[in-house]
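Undergrad: Below is one structure. I have some questions about it.
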Amino acid sequence: MVSQIIRPFAILAGVCALLSQVTAHYTFPGLIVNGVRTPDWVNVRRTNNYNTQAPVTDVTSADFRCYDSQTGPATASTITVAAGSTLGIACDQTIYHPGVINVYMAKAPSGNVTSFNGDGAVWFKVYQITAQTNGGTSITFPAQNLPSVSFTVPRNLPSGQYLVRMEALALHAAGTFQGAQWYISCGQIQVTGGGNGNPGPLVSIPGVYTGNEPGILLNIYYPVPATYVQPGPAVWSG
Ligand SMILES: *[C@@H]1O[C@H](CO)[C@@H](O)[C@H](O)[C@H]1NC(C)=O
Ligand SMILES: [Cu+2]
C-alpha cells in the first residue's frame, strides 16, 4: 500500500528531473524580422550545441565567437533588415537562467557576410540587458525567462552585411572561474537604408573578456552584490 502511494511520486520526481535538465540550457536559432520569426538555423549559423544546448565556458576559445567550430560557419543565409527597425533574436525556449545579455555586431569588410569569420577588432555592442541591484538587498535579472530579445538596429549604422552575435551570460554558477555559462549564436543580416555612423568601441571576440571581470566572476546569491558591472564595451546606439 505504501509503495503504491510512493511510486507515482518517485516517477513524477524522475520526470521532473529529466524536464529540468532539458529546460536548463538553450540556444538562439532564430531572428525576428518585421515581426516574423525566421525558422531555426536559417538566418543564424548553426551552433555546435544545436542538439545539446550546452554552453561555452571558456571566453578565450574560438567557439566564444559564434560557437560553430564543428558545424562550420557557412550554414546560414542572410536576411535584409532596415536600419532603424526592430530586430529580435529568438530563444528555442526561454532564457532560463539568471543572467545578462549583450548583442554585438560586426560588418563584413568584403560586403559578403557568408565568407566573413569575424576576425580582428571588428565587434561593437548594440544592445544589453543588465542586472538590477539596489545596494545589496536584492539582485534581479530582467532578461530571465524572456523568449526573445529585441533591439533597434541603429539608424546611423552604415548599410552592408553584418554578423549579429547574441551573448546570453548565465550567472547561476559564476562564483568560480569558468563557472559562468555563455549561450551564443551569430545571425547574418543585410542592413539597408543605413547612415554614416562610426560604430565603436571595437573589440575582438574572443579577447573582449578574460573571465575575471566583476560581472562574470561573481556569486549572485551571497552576499547579494551591491552593484553589478555589465561586461564589455559601452553600447553604440548610433
Ligand atoms: C559569399 O561568400 C560565399 C562563401 O565564400 C560564397 O559561396 C558566395 O558566392 C559569396 N557571395 C557573393 C555574392 O559573392
Ligand atoms: Cu543551462
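By convention in this document, the chains of the C-alpha cells carry letters A, B, ... by their order, each chain's residues are numbered from 1, and ligands are numbered from 1 in the order they are shown.
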Against ligand 2, which residues of chain A fall within 10 Å? For each one I want the closest pair of atoms and the distance in Å (one decimal), counting only C-alpha atoms and all ligand atoms, rows by chain and increasing residue number, as JSON lines.
TA:
```
{"residue": "A:Ser20", "atom": "CA", "partner": "ligand 2", "partner_atom_place_in_ligand_line": "1 (Cu)", "distance": 9.2}
{"residue": "A:Gln21", "atom": "CA", "partner": "ligand 2", "partner_atom_place_in_ligand_line": "1 (Cu)", "distance": 7.7}
{"residue": "A:Val22", "atom": "CA", "partner": "ligand 2", "partner_atom_place_in_ligand_line": "1 (Cu)", "distance": 8.5}
{"residue": "A:Thr23", "atom": "CA", "partner": "ligand 2", "partner_atom_place_in_ligand_line": "1 (Cu)", "distance": 7.2}
{"residue": "A:Ala24", "atom": "CA", "partner": "ligand 2", "partner_atom_place_in_ligand_line": "1 (Cu)", "distance": 3.7}
{"residue": "A:His25", "atom": "CA", "partner": "ligand 2", "partner_atom_place_in_ligand_line": "1 (Cu)", "distance": 3.3}
{"residue": "A:Tyr26", "atom": "CA", "partner": "ligand 2", "partner_atom_place_in_ligand_line": "1 (Cu)", "distance": 6.6}
{"residue": "A:Thr27", "atom": "CA", "partner": "ligand 2", "partner_atom_place_in_ligand_line": "1 (Cu)", "distance": 9.9}
{"residue": "A:Gln53", "atom": "CA", "partner": "ligand 2", "partner_atom_place_in_ligand_line": "1 (Cu)", "distance": 7.8}
{"residue": "A:Ala54", "atom": "CA", "partner": "ligand 2", "partner_atom_place_in_ligand_line": "1 (Cu)", "distance": 7.0}
{"residue": "A:Pro55", "atom": "CA", "partner": "ligand 2", "partner_atom_place_in_ligand_line": "1 (Cu)", "distance": 7.1}
{"residue": "A:Ile95", "atom": "CA", "partner": "ligand 2", "partner_atom_place_in_ligand_line": "1 (Cu)", "distance": 9.0}
{"residue": "A:Tyr96", "atom": "CA", "partner": "ligand 2", "partner_atom_place_in_ligand_line": "1 (Cu)", "distance": 7.0}
{"residue": "A:His97", "atom": "CA", "partner": "ligand 2", "partner_atom_place_in_ligand_line": "1 (Cu)", "distance": 6.4}
{"residue": "A:Pro98", "atom": "CA", "partner": "ligand 2", "partner_atom_place_in_ligand_line": "1 (Cu)", "distance": 9.9}
{"residue": "A:Ala170", "atom": "CA", "partner": "ligand 2", "partner_atom_place_in_ligand_line": "1 (Cu)", "distance": 7.7}
{"residue": "A:His172", "atom": "CA", "partner": "ligand 2", "partner_atom_place_in_ligand_line": "1 (Cu)", "distance": 9.1}
{"residue": "A:Ala173", "atom": "CA", "partner": "ligand 2", "partner_atom_place_in_ligand_line": "1 (Cu)", "distance": 10.0}
{"residue": "A:Gln181", "atom": "CA", "partner": "ligand 2", "partner_atom_place_in_ligand_line": "1 (Cu)", "distance": 7.6}
{"residue": "A:Trp182", "atom": "CA", "partner": "ligand 2", "partner_atom_place_in_ligand_line": "1 (Cu)", "distance": 9.2}
{"residue": "A:Tyr183", "atom": "CA", "partner": "ligand 2", "partner_atom_place_in_ligand_line": "1 (Cu)", "distance": 8.8}
```
Undergrad: Write out as a list in words the residues lying within 12 Å of Asn134 (chain A), counting only C-alpha atoms and excluding same-chain residues fewer than 6 positions away.
TA: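 Contacts, in chain order: Thr140, Val224, Pro225, Ala226, Thr227 and Tyr228 of chain A.
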Undergrad: Save out the residues we just selected, C-alpha atoms, as an mmCIF file, in the first residue's frame.
TA:
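Generated file (part-v9.cif):
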```cif
data_model
loop_
_atom_site.group_PDB
_atom_site.id
_atom_site.type_symbol
_atom_site.label_atom_id
_atom_site.label_comp_id
_atom_site.auth_asym_id
_atom_site.auth_seq_id
_atom_site.Cartn_x
_atom_site.Cartn_y
_atom_site.Cartn_z
ATOM 1 C CA THR A 140 17.223 40.835 -10.301
ATOM 2 C CA VAL A 224 23.926 39.793 -2.599
ATOM 3 C CA PRO A 225 26.006 42.030 -4.883
ATOM 4 C CA ALA A 226 25.635 45.724 -4.068
ATOM 5 C CA THR A 227 26.258 46.670 -7.693
ATOM 6 C CA TYR A 228 26.604 44.873 -11.000
#
```
Undergrad: Could you report the residues within 10 Å of ligand 1, using only C-alpha atoms and all ligand atoms, as a tab-separated table (two decimals) with C-alpha atoms, in the first residue's frame?
TA:
```
chain	number	residue	atom	x	y	z
A	73	PRO	CA	30.35	28.98	-40.48
A	74	ALA	CA	28.70	28.85	-43.91
A	75	THR	CA	25.42	27.36	-42.74
A	77	SER	CA	21.61	32.71	-45.41
A	110	SER	CA	34.21	42.29	-48.19
A	111	GLY	CA	30.49	43.02	-48.25
A	112	ASN	CA	29.76	39.29	-48.08
A	113	VAL	CA	28.95	38.09	-44.59
A	114	THR	CA	28.79	34.44	-45.64
A	115	SER	CA	32.55	34.43	-46.13
A	116	PHE	CA	33.22	36.59	-43.04
```
Undergrad: Which of region 100-200 of chain A counts as strand (DSSP E) under DSSP, as a ChimeraX atom specification please?
TA: /A:100-107,123-129,132-133,139-140,148-152,160-170,181-192
Undergrad: How would the residues just chosen look if you wrote them out with C-alpha atoms as a PDB file, in the first residue's frame?
TA:
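Now in part.pdb:
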```
ATOM      1  CA  VAL A 100      22.527  39.307 -18.589  1.00  0.00           C
ATOM      2  CA  ILE A 101      22.540  39.909 -22.352  1.00  0.00           C
ATOM      3  CA  ASN A 102      24.980  41.532 -24.757  1.00  0.00           C
ATOM      4  CA  VAL A 103      24.367  41.790 -28.507  1.00  0.00           C
ATOM      5  CA  TYR A 104      27.353  42.570 -30.718  1.00  0.00           C
ATOM      6  CA  MET A 105      27.595  43.263 -34.439  1.00  0.00           C
ATOM      7  CA  ALA A 106      30.482  43.184 -36.933  1.00  0.00           C
ATOM      8  CA  LYS A 107      30.473  44.395 -40.541  1.00  0.00           C
ATOM      9  CA  TRP A 123      32.832  43.937 -32.968  1.00  0.00           C
ATOM     10  CA  PHE A 124      30.741  46.640 -31.320  1.00  0.00           C
ATOM     11  CA  LYS A 125      27.912  46.325 -28.846  1.00  0.00           C
ATOM     12  CA  VAL A 126      24.447  47.366 -29.962  1.00  0.00           C
ATOM     13  CA  TYR A 127      22.325  46.256 -27.035  1.00  0.00           C
ATOM     14  CA  GLN A 128      22.475  44.967 -23.497  1.00  0.00           C
ATOM     15  CA  ILE A 129      20.188  43.906 -20.678  1.00  0.00           C
ATOM     16  CA  GLN A 132      19.333  45.441 -11.354  1.00  0.00           C
ATOM     17  CA  THR A 133      20.815  45.942  -7.919  1.00  0.00           C
ATOM     18  CA  ILE A 139      19.646  41.484  -7.465  1.00  0.00           C
ATOM     19  CA  THR A 140      17.223  40.835 -10.301  1.00  0.00           C
ATOM     20  CA  SER A 148      13.442  36.604 -27.240  1.00  0.00           C
ATOM     21  CA  VAL A 149      15.424  39.824 -27.106  1.00  0.00           C
ATOM     22  CA  SER A 150      14.648  42.784 -29.375  1.00  0.00           C
ATOM     23  CA  PHE A 151      16.529  45.984 -30.079  1.00  0.00           C
ATOM     24  CA  THR A 152      16.618  48.802 -32.626  1.00  0.00           C
ATOM     25  CA  GLY A 160      26.049  46.432 -45.609  1.00  0.00           C
ATOM     26  CA  GLN A 161      26.235  42.869 -44.371  1.00  0.00           C
ATOM     27  CA  TYR A 162      26.777  42.120 -40.695  1.00  0.00           C
ATOM     28  CA  LEU A 163      27.091  39.323 -38.200  1.00  0.00           C
ATOM     29  CA  VAL A 164      24.779  39.792 -35.211  1.00  0.00           C
ATOM     30  CA  ARG A 165      26.088  37.913 -32.208  1.00  0.00           C
ATOM     31  CA  MET A 166      23.785  37.056 -29.325  1.00  0.00           C
ATOM     32  CA  GLU A 167      25.510  36.541 -26.000  1.00  0.00           C
ATOM     33  CA  ALA A 168      23.373  35.381 -23.092  1.00  0.00           C
ATOM     34  CA  LEU A 169      25.544  35.153 -19.984  1.00  0.00           C
ATOM     35  CA  ALA A 170      24.127  32.844 -17.290  1.00  0.00           C
ATOM     36  CA  GLN A 181      27.816  29.948 -18.918  1.00  0.00           C
ATOM     37  CA  TRP A 182      27.504  31.569 -22.333  1.00  0.00           C
ATOM     38  CA  TYR A 183      24.728  30.884 -24.804  1.00  0.00           C
ATOM     39  CA  ILE A 184      25.870  32.252 -28.143  1.00  0.00           C
ATOM     40  CA  SER A 185      24.826  32.397 -31.769  1.00  0.00           C
ATOM     41  CA  CYS A 186      25.534  34.549 -34.843  1.00  0.00           C
ATOM     42  CA  GLY A 187      22.885  35.703 -37.296  1.00  0.00           C
ATOM     43  CA  GLN A 188      23.565  37.117 -40.756  1.00  0.00           C
ATOM     44  CA  ILE A 189      21.815  40.321 -41.814  1.00  0.00           C
ATOM     45  CA  GLN A 190      21.981  42.826 -44.657  1.00  0.00           C
ATOM     46  CA  VAL A 191      21.339  46.310 -43.326  1.00  0.00           C
ATOM     47  CA  THR A 192      19.614  48.630 -45.790  1.00  0.00           C
TER      48      THR A 192
END
```
Undergrad: Leaving out Ile205 (chain A) and any residue of its chain fewer than 4 positions from it, which residues lie within 8 Å of it when counting only C-alpha atoms, given as an NGL selection string?
TA: :A and (64-65 or 118-121 or 123)
